[in-house]
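protein_38.txt follows (compact mmCIF, C-alpha atoms):
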# COMPACT_ATOMS: atom_id res chain seq x y z
CA MET A 465 -47.09 -67.68 -86.99
CA ASP A 466 -47.55 -63.94 -87.51
CA LYS A 467 -48.15 -63.45 -91.25
CA ARG A 468 -49.50 -59.92 -91.18
CA ILE A 469 -48.90 -57.75 -94.24
CA ALA A 470 -46.73 -54.68 -93.70
CA ALA A 471 -47.71 -51.76 -95.92
CA SER A 472 -44.61 -49.75 -94.97
CA PRO A 473 -41.02 -50.48 -93.89
CA GLU A 474 -41.73 -48.89 -90.50
CA ALA A 475 -44.71 -51.21 -89.99
CA ARG A 476 -42.59 -54.28 -90.69
CA VAL A 477 -39.82 -53.18 -88.34
CA LYS A 478 -42.37 -52.55 -85.60
CA LEU A 479 -44.07 -55.95 -86.13
CA PHE A 480 -40.72 -57.72 -86.06
CA THR A 481 -39.56 -55.88 -82.93
CA GLU A 482 -42.74 -56.71 -81.03
CA HIS A 483 -42.72 -60.35 -82.16
CA TRP A 484 -39.04 -60.93 -81.35
CA TYR A 485 -39.36 -59.28 -77.93
CA LYS A 486 -42.45 -61.36 -77.14
CA GLN A 487 -40.50 -64.55 -77.84
CA TRP A 488 -37.57 -63.35 -75.74
CA LYS A 489 -39.85 -62.42 -72.82
CA THR A 490 -41.62 -65.79 -72.94
CA ILE A 491 -38.52 -67.94 -72.82
CA SER A 492 -36.78 -65.64 -70.33
CA ASP A 493 -39.73 -65.79 -67.91
CA ASN A 494 -39.95 -69.58 -68.27
CA HIS A 495 -36.25 -69.89 -67.55
CA GLN A 496 -36.64 -67.84 -64.37
CA LYS A 497 -39.58 -70.00 -63.23
CA ASN A 498 -37.53 -73.16 -63.75
CA ASP A 499 -34.90 -71.95 -61.25
CA LYS A 500 -32.50 -70.95 -64.03
CA LYS A 501 -31.65 -74.48 -65.12
CA ASP A 502 -29.66 -75.03 -68.31
CA PHE A 503 -30.98 -72.74 -71.02
CA ASP A 504 -32.77 -74.60 -73.82
CA PHE A 505 -31.16 -73.24 -76.98
CA GLU A 506 -33.11 -75.70 -79.15
CA VAL A 507 -36.39 -74.10 -78.07
CA TRP A 508 -34.92 -70.61 -78.51
CA ARG A 509 -33.80 -71.45 -82.05
CA GLU A 510 -37.30 -72.64 -82.91
CA MET A 511 -38.81 -69.44 -81.50
CA VAL A 512 -36.41 -67.22 -83.44
CA ASN A 513 -37.01 -69.23 -86.61
CA GLU A 514 -40.74 -68.58 -86.23
CA VAL A 515 -40.03 -64.84 -86.01
CA ASP A 516 -37.71 -64.94 -89.01
CA LYS A 517 -40.21 -66.82 -91.18
CA SER A 518 -42.85 -64.22 -90.36
CA HIS A 519 -40.85 -61.09 -91.16
CA PHE A 520 -37.91 -61.93 -93.43
CA LEU A 521 -37.34 -62.75 -97.06
CA GLU A 522 -36.85 -66.42 -97.84
CA ASN A 523 -33.41 -67.70 -96.76
CA CYS A 524 -32.81 -64.55 -94.67
CA GLY A 525 -33.01 -64.10 -90.92
CA SER A 526 -32.11 -62.09 -87.83
CA GLU A 527 -29.18 -64.37 -86.92
CA THR A 528 -30.09 -64.06 -83.24
CA GLN A 529 -30.76 -67.72 -82.48
CA GLY A 530 -27.16 -68.50 -81.49
CA SER A 531 -26.99 -66.30 -78.40
CA PHE A 532 -29.21 -65.23 -75.53
CA THR A 533 -28.96 -62.76 -72.66
CA HIS A 534 -31.41 -62.63 -69.77
CA SER A 535 -30.40 -59.24 -68.39
CA GLN A 536 -31.04 -57.19 -71.51
CA PRO A 537 -32.52 -58.29 -74.84
CA ARG A 538 -30.78 -57.31 -78.04
CA ILE A 539 -34.11 -55.98 -79.34
CA HIS A 540 -36.55 -54.21 -77.00
CA LYS A 541 -40.05 -53.09 -77.97
CA ASP A 542 -40.27 -50.42 -75.23
CA PHE A 543 -36.89 -48.73 -75.63
CA THR A 544 -36.61 -48.72 -79.42
CA GLU A 545 -37.42 -45.81 -81.71
CA ILE A 546 -37.18 -45.44 -85.48
CA LEU A 547 -34.68 -42.72 -86.37
CA ASP A 548 -34.55 -42.78 -90.15
CA VAL A 549 -36.32 -44.34 -93.14
CA LYS A 550 -35.12 -44.21 -96.74
CA ILE A 551 -37.15 -45.79 -99.57
CA LYS A 552 -36.03 -46.16 -103.17
CA GLU A 553 -37.36 -48.39 -105.97
CA GLY A 554 -38.86 -51.10 -103.78
CA GLU A 555 -36.01 -51.18 -101.27
CA ALA A 556 -35.73 -49.47 -97.91
CA ASP A 557 -33.21 -48.74 -95.16
CA VAL A 558 -34.50 -48.26 -91.63
CA ILE A 559 -32.39 -47.21 -88.64
CA THR A 560 -33.58 -47.77 -85.08
CA LYS A 561 -32.03 -46.84 -81.76
CA THR A 562 -32.45 -48.86 -78.59
CA GLU A 563 -31.82 -46.61 -75.60
CA TYR A 564 -31.61 -48.66 -72.43
CA GLU A 565 -32.39 -47.30 -68.98
CA THR A 566 -29.62 -49.41 -67.45
CA ARG A 567 -25.83 -49.36 -67.69
CA TYR A 568 -25.95 -51.07 -71.09
CA SER A 569 -24.74 -49.08 -74.06
CA ASP A 570 -27.24 -47.83 -76.58
CA SER A 571 -27.33 -49.76 -79.83
CA PHE A 572 -28.44 -49.02 -83.37
CA LEU A 573 -30.05 -51.50 -85.75
CA PHE A 574 -29.77 -51.04 -89.49
CA PHE A 575 -32.56 -52.83 -91.40
CA LYS A 576 -32.57 -53.51 -95.13
CA LEU A 577 -36.02 -54.33 -96.53
CA LYS A 578 -37.60 -55.21 -99.88
CA LEU A 579 -41.14 -54.80 -101.16
CA ILE A 580 -42.56 -58.13 -102.34
CA ASP A 581 -46.18 -58.24 -103.61
CA ASN A 582 -47.09 -55.07 -101.66
CA ASN A 583 -45.60 -56.52 -98.49
CA TRP A 584 -42.40 -55.17 -96.92
CA LEU A 585 -40.06 -57.92 -95.72
CA ILE A 586 -36.67 -57.71 -94.00
CA GLN A 587 -33.55 -58.74 -95.87
CA SER A 588 -30.92 -58.19 -93.17
CA ILE A 589 -30.22 -56.53 -89.82
CA ASP A 590 -26.85 -55.17 -88.74
CA VAL A 591 -26.06 -54.09 -85.18
CA HIS A 592 -23.99 -50.92 -84.60
CA ALA A 593 -22.52 -49.25 -81.54
CA ASN A 594 -22.49 -45.97 -83.48
CA HIS A 595 -25.12 -44.31 -85.61
CA PRO A 596 -24.91 -46.12 -88.99
CA HIS A 597 -24.54 -42.83 -90.87
CA THR A 598 -21.48 -41.83 -88.83
CA LEU A 599 -18.41 -41.57 -91.04
CA MET A 600 -15.70 -44.17 -90.50
CA VAL A 601 -12.92 -41.66 -91.18
CA SER A 602 -13.31 -37.90 -90.82
CA ASP A 603 -12.03 -35.66 -93.58
CA GLN A 604 -9.75 -33.88 -91.12
CA HIS A 605 -8.21 -37.13 -89.85
CA GLN A 606 -7.66 -38.32 -93.40
CA GLN A 607 -5.92 -35.12 -94.45
CA GLU A 608 -3.71 -35.10 -91.35
CA ILE A 609 -2.25 -38.55 -91.83
CA PHE A 610 -2.38 -39.05 -95.59
CA SER A 611 -0.08 -36.12 -96.25
CA LYS A 612 2.69 -38.19 -94.64
CA CYS A 613 2.31 -41.09 -97.11
CA SER A 614 4.68 -41.07 -100.07
CA GLU A 615 5.99 -43.28 -102.88
CA SER A 616 9.47 -42.26 -101.74
CA ALA A 617 8.98 -43.07 -98.04
CA PRO A 618 11.88 -45.18 -96.68
CA PHE A 619 11.67 -48.95 -96.29
CA LEU A 620 11.66 -50.39 -92.78
CA LYS A 621 13.61 -53.53 -91.88
CA VAL A 622 11.53 -56.57 -90.88
CA ILE A 623 11.72 -57.32 -87.14
CA ASP A 624 14.61 -59.61 -86.14
CA GLN A 625 12.30 -62.43 -85.03
CA LEU A 626 11.12 -63.03 -88.62
CA ASP A 627 12.95 -64.42 -91.65
CA LEU A 628 10.09 -64.91 -94.09
CA ASN A 629 10.25 -65.64 -97.81
CA GLU A 630 7.19 -65.02 -99.99
CA ASN A 631 8.60 -67.22 -102.79
CA ILE A 632 8.84 -70.21 -100.47
CA LEU A 633 5.35 -69.60 -99.13
CA PHE A 634 3.56 -69.07 -102.45
CA GLN A 635 4.07 -72.40 -104.22
CA HIS A 636 1.17 -74.24 -105.84
CA GLY A 637 0.57 -77.96 -105.30
CA ARG A 638 3.23 -78.39 -102.64
CA LYS A 639 2.75 -81.13 -100.05
CA VAL A 640 3.17 -79.63 -96.60
CA GLU A 641 2.87 -80.86 -93.03
CA THR A 642 2.60 -79.08 -89.69
CA LYS A 643 2.24 -80.38 -86.14
CA ARG A 644 -0.90 -78.32 -85.71
CA PHE A 645 -2.80 -79.15 -88.91
CA GLY A 646 -1.19 -82.35 -90.17
CA GLU A 647 -0.72 -82.94 -93.91
CA GLY A 648 -2.02 -80.73 -96.68
CA VAL A 649 -1.45 -79.45 -100.21
CA THR A 650 -0.99 -75.77 -101.04
CA GLU A 651 -3.17 -74.11 -103.65
CA ILE A 652 -2.74 -70.66 -105.16
CA ASN A 653 -6.03 -69.01 -106.13
CA THR A 654 -6.55 -65.82 -108.12
CA VAL A 655 -9.04 -63.69 -106.19
CA GLY A 656 -9.37 -60.88 -108.76
CA ASN A 657 -8.00 -57.37 -109.22
CA LEU A 658 -7.73 -54.95 -106.31
CA ASN A 659 -8.84 -51.46 -107.32
CA LEU A 660 -6.40 -48.88 -105.92
CA GLN A 661 -7.66 -45.53 -107.15
CA THR A 662 -5.44 -43.48 -104.84
CA GLY A 663 -2.55 -45.83 -104.06
CA VAL A 664 -2.80 -45.04 -100.34
CA MET A 665 -3.22 -48.47 -98.75
CA SER A 666 -4.13 -49.78 -95.33
CA ILE A 667 -4.13 -53.14 -93.59
CA LEU A 668 -6.69 -53.52 -90.83
CA ASP A 669 -9.14 -55.76 -89.04
CA ILE A 670 -12.31 -54.10 -90.36
CA GLY A 671 -14.63 -55.93 -87.97
CA TYR A 672 -14.37 -52.92 -85.68
CA ASP A 673 -14.26 -49.16 -86.13
CA PHE A 674 -11.36 -47.26 -87.66
CA LYS A 675 -10.48 -45.40 -84.45
CA ASP A 676 -6.78 -46.25 -84.68
CA PHE A 677 -6.73 -46.20 -88.46
CA GLU A 678 -3.42 -45.44 -90.17
CA PRO A 679 -2.42 -46.00 -93.80
CA LEU A 680 0.78 -47.69 -94.91
CA HIS A 681 3.69 -45.26 -94.92
CA ILE A 682 4.63 -46.11 -98.50
CA LYS A 683 2.18 -45.15 -101.23
CA VAL A 684 1.96 -47.16 -104.47
CA LYS A 685 0.95 -46.09 -107.95
CA PRO A 686 -2.84 -46.18 -108.50
CA GLY A 687 -4.06 -49.06 -110.63
CA GLN A 688 -5.71 -52.49 -110.76
CA TYR A 689 -3.54 -55.19 -109.22
CA LYS A 690 -3.86 -58.97 -109.16
CA VAL A 691 -4.61 -60.59 -105.79
CA GLU A 692 -3.66 -64.18 -104.96
CA SER A 693 -4.50 -66.25 -101.92
CA LEU A 694 -2.70 -69.35 -100.75
CA THR A 695 -4.69 -72.09 -99.03
CA ALA A 696 -3.93 -75.38 -97.31
CA PHE A 697 -5.63 -77.42 -94.58
CA GLY A 698 -8.87 -75.67 -95.55
CA LYS A 699 -7.41 -72.34 -94.45
CA SER A 700 -6.05 -69.17 -96.00
CA ILE A 701 -2.36 -69.20 -95.08
CA GLY A 702 -1.28 -66.20 -97.13
CA VAL A 703 -2.56 -63.41 -99.36
CA ARG A 704 -0.67 -61.06 -101.64
CA VAL A 705 -1.12 -58.18 -104.07
CA LEU A 706 1.10 -58.31 -107.17
CA PHE A 707 2.28 -54.99 -108.57
CA SER A 708 4.56 -56.61 -111.16
CA ASP A 709 5.27 -59.93 -112.86
CA GLU A 710 8.73 -59.90 -111.29
CA LYS A 711 9.53 -62.08 -108.30
CA ALA A 712 10.62 -60.39 -105.12
CA VAL A 713 14.24 -60.91 -104.06
CA LYS A 714 14.05 -59.08 -100.74
CA TRP A 715 11.39 -58.08 -98.22
CA TYR A 716 10.72 -55.12 -95.97
CA ALA A 717 8.07 -54.43 -93.34
CA ALA A 718 4.85 -52.99 -94.79
CA ASN A 719 4.49 -50.57 -91.92
CA THR A 720 2.12 -47.76 -91.02
CA LEU A 721 3.31 -44.31 -89.99
CA ASN A 722 3.79 -45.45 -86.39
CA GLY A 723 3.88 -49.23 -86.79
CA TYR A 724 6.39 -51.90 -87.70
CA GLY A 725 4.46 -54.12 -90.10
CA ILE A 726 2.64 -56.44 -87.68
CA TYR A 727 -1.17 -56.37 -87.71
CA THR A 728 -3.41 -57.59 -84.91
CA VAL A 729 -6.65 -59.40 -85.65
CA ASP A 730 -9.44 -59.44 -83.06
CA ALA A 731 -12.50 -60.10 -85.22
CA GLY A 732 -11.04 -62.95 -87.27
CA ASN A 733 -10.23 -61.06 -90.45
CA LEU A 734 -7.56 -58.94 -92.07
CA ALA A 735 -8.21 -56.59 -94.97
CA ILE A 736 -5.99 -54.78 -97.48
CA PHE A 737 -7.75 -51.78 -98.95
CA ASP A 738 -7.44 -48.48 -100.77
CA ALA A 739 -7.62 -45.98 -97.95
CA GLY A 740 -7.33 -42.71 -99.83
CA ASP A 741 -11.02 -42.16 -100.54
CA LEU A 742 -12.91 -43.21 -97.43
CA THR A 743 -14.34 -39.87 -96.32
CA LYS A 744 -17.83 -40.89 -97.47
CA LEU A 745 -17.75 -44.40 -95.96
CA THR A 746 -20.30 -44.85 -93.16
CA PHE A 747 -20.51 -47.46 -90.42
CA ALA A 748 -23.57 -48.89 -92.16
CA GLN A 749 -21.79 -49.37 -95.49
CA LYS A 750 -18.77 -50.95 -93.84
CA GLU A 751 -20.84 -53.25 -91.65
CA TYR A 752 -23.04 -54.34 -94.54
CA GLU A 753 -20.03 -55.39 -96.62
CA PHE A 754 -18.26 -56.97 -93.66
CA ASN A 755 -21.30 -58.99 -92.59
CA LYS A 756 -21.94 -60.09 -96.17
CA TRP A 757 -18.36 -61.39 -96.31
CA SER A 758 -18.48 -63.01 -92.87
CA ARG A 759 -21.42 -65.22 -93.88
CA VAL A 760 -19.16 -66.88 -96.46
CA GLY A 761 -15.61 -66.22 -95.23
CA GLY A 762 -12.48 -67.08 -97.17
CA THR A 763 -10.67 -64.49 -99.28
CA GLN A 764 -12.88 -62.10 -101.26
CA LEU A 765 -12.86 -58.72 -102.94
CA ILE A 766 -15.44 -56.37 -101.43
CA THR A 767 -16.42 -52.75 -101.98
CA LEU A 768 -15.93 -50.09 -99.32
CA GLU A 769 -16.03 -46.87 -101.35
CA ASN A 770 -15.02 -47.82 -104.91
CA LYS A 771 -15.75 -51.18 -106.55
CA ASN A 772 -13.38 -53.97 -105.41
CA ASP A 773 -11.22 -51.57 -103.40
CA CYS A 774 -10.72 -54.07 -100.56
CA VAL A 775 -9.57 -57.68 -100.26
CA ILE A 776 -10.52 -59.38 -97.01
CA THR A 777 -9.45 -62.77 -95.67
CA ASP A 778 -10.10 -64.81 -92.53
CA GLY A 779 -6.57 -66.22 -92.40
CA ASP A 780 -5.89 -68.17 -89.20
CA GLY A 781 -8.26 -66.25 -86.96
CA ASP A 782 -7.24 -63.97 -84.12
CA GLY A 783 -3.56 -63.15 -83.71
CA SER A 784 -0.82 -60.87 -85.03
CA TYR A 785 0.49 -61.26 -88.57
CA PRO A 786 3.30 -59.65 -90.59
CA ALA A 787 2.85 -57.78 -93.85
CA LEU A 788 5.82 -57.49 -96.20
CA TRP A 789 6.75 -55.37 -99.19
CA GLY A 790 8.51 -57.53 -101.77
CA VAL A 791 11.06 -55.67 -103.91
CA ASN A 792 13.21 -56.46 -106.97
CA GLU A 793 16.95 -55.93 -107.45
CA ASN A 794 16.33 -52.20 -107.96
CA GLU A 795 14.43 -51.91 -104.66
CA GLU A 796 11.15 -51.37 -106.55
CA ILE A 797 7.99 -52.76 -104.97
CA VAL A 798 6.64 -55.83 -106.78
CA SER A 799 4.33 -57.31 -104.12
CA LEU A 800 2.58 -56.87 -100.78
CA CYS A 801 2.26 -60.13 -98.85
CA ILE A 802 0.58 -61.13 -95.59
CA ASP A 803 1.89 -64.34 -94.03
CA PHE A 804 -0.41 -66.05 -91.52
CA ILE A 805 2.55 -67.80 -89.89
CA ILE A 806 1.42 -71.37 -90.52
CA LEU A 807 4.19 -72.68 -92.80
CA VAL A 808 7.04 -71.61 -90.53
CA GLU A 809 9.51 -73.17 -88.13
CA GLU A 810 11.61 -71.68 -85.34
CA ASN A 811 15.41 -71.94 -85.31
CA GLU A 812 17.78 -72.04 -82.33
CA ASN A 813 17.74 -68.23 -82.16
CA GLU A 814 13.93 -68.19 -81.84
CA VAL A 815 13.57 -66.74 -85.33
CA LEU A 816 10.57 -67.85 -87.41
CA TYR A 817 11.51 -68.79 -90.96
CA SER A 818 9.52 -69.97 -94.00
CA VAL A 819 9.45 -73.69 -94.78

Turn this file's structure into structure tokens for me.
Amino acid sequence: MDKRIAASPEARVKLFTEHWYKQWKTISDNHQKNDKKDFDFEVWREMVNEVDKSHFLENCGSETQGSFTHSQPRIHKDFTEILDVKIKEGEADVITKTEYETRYSDSFLFFKLKLIDNNWLIQSIDVHANHPHTLMVSDQHQQEIFSKCSESAPFLKVIDQLDLNENILFQHGRKVETKRFGEGVTEINTVGNLNLQTGVMSILDIGYDFKDFEPLHIKVKPGQYKVESLTAFGKSIGVRVLFSDEKAVKWYAANTLNGYGIYTVDAGNLAIFDAGDLTKLTFAQKEYEFNKWSRVGGTQLITLENKNDCVITDGDGDGSYPALWGVNENEEIVSLCIDFIILVEENENEVLYSV
């Protein structure tokens, strides 16, 4: 095992890169010699674990043991250069770029390191398709679309295929049964308070970039608002933000400027966040928070730009899910609810309704 001391963050990143690539090259060459028989992931995991123990803090690792590619390694000692190093109070951020000579896209690695007993060790590595310091949302894009958000924007009717009721969904201790998951008991959990400093909100799968980012058409009053999640069958089956103690009596689509209140999930998560102050948010910051959440999952408050300005949940994995504004008798917003379409049935008109 390579236990060499690294006197600088750059030295540690270089040692790790060389060690990891050496392991990859060894097992890849052996696999080729054995006529490409079934790949031995058990051996690969042991080899990666050896690398991780040599270069990472205790209980941290590269998280590369679960996948393998023969054509192009994720980390390459010959095509990788260090672009940026920032050191502050015993912690460091290092950005590298791997520029392949083949058709493969370039990739950026964002290392976080800590100084322990005069030895720099890696805490985490995040992979990016864009430079980690690239802004998620440009100031120009934000100004163009946010000017169209308003507290007085009109409500949009929920699509005809849905007849959902937040009050039926959010009941604590209810025995439920579905064909897919069997029997279960619902549980309402308080997640914390969502910090909405601007009141401009967005709902998005934040596992990817914000290329198609749009805020909700309706803006709410800035403030701190209680978040509740509903679980059953070991899953999150609903999440909501409460703007009032009142119960909703009617629901509208929580739509974006060009949407109709249905949100597609491709990376297994859906987030509700304050979108009005994201002009300083970089890919690195977003990925760090997202990856930290993904190691635990469930429903959590995370920080994108301002503390606890985002609630993220894994719901029922990939799919498309409705978001609803709940209103009182005076058509005032009292809640924002996402239903993961688990406690529903379909009637003779092919309409999904809450059960």

Closest of A:Val591, A:Val507, A:Val684, A:Ile701 to Thr650 of chain A - atom-to-atom distances counting all atoms listed in the file: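 So, comparing all the options, the nearest one is A:Ile701.
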
Straight-line distance linking atom CA of Gln487 of chain A with atom CA of Val512 of chain A, stated in Å to one decimal: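 Pair atom CA of Gln487 of chain A / atom CA of Val512 of chain A returns 7.4 Å.
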
Given all atoms listed in the file as the counted atoms, nearest of A:Gly656, A:Pro686, A:Pro596, A:Pro786 to Leu668 of chain A: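 Selected residue with least distance to Leu668 of chain A: A:Pro786.
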
Selection as a PyMOL selection string: residues within 8 Å of (-41.6, -55.0, -93.1), counting all atoms listed in the file: chain A and resi 469-480+519-520+577-578+583-586

Point-to-point distance in Å for atom CA of Leu680 of chain A and atom CA of Leu734 of chain A: 14.3 Å

Shell around segment 618-624 of chain A at 8 Å using only C-alpha atoms, local window under 3 positions removed, as a list in words: Asp627, Ile682, Trp715, Tyr716, Ala717, Ala718, Asn719, Tyr724, Gly725, Leu788 and Val815 of chain A

Given all atoms listed in the file as the counted atoms, nearest of A:Trp484, A:Phe674, A:Phe804, A:Trp508 to Val601 of chain A: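 The closest residue to Val601 of chain A is A:Phe674.
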
Closest of A:Asp603, A:Thr481, A:Lys643, A:Lys612 to Thr562 of chain A - atom-to-atom distances counting only C-alpha atoms: A:Thr481

d(atom CA of Ser571 of chain A, atom CA of His592 of chain A) in Å: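 Atom CA of His592 of chain A lies at a distance of 5.9 Å from atom CA of Ser571 of chain A.
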
Nearest residue to Ser666 of chain A from the set A:Phe610, A:Tyr817, A:Trp757, A:Phe645 (distances using all atoms listed in the file): A:Phe610
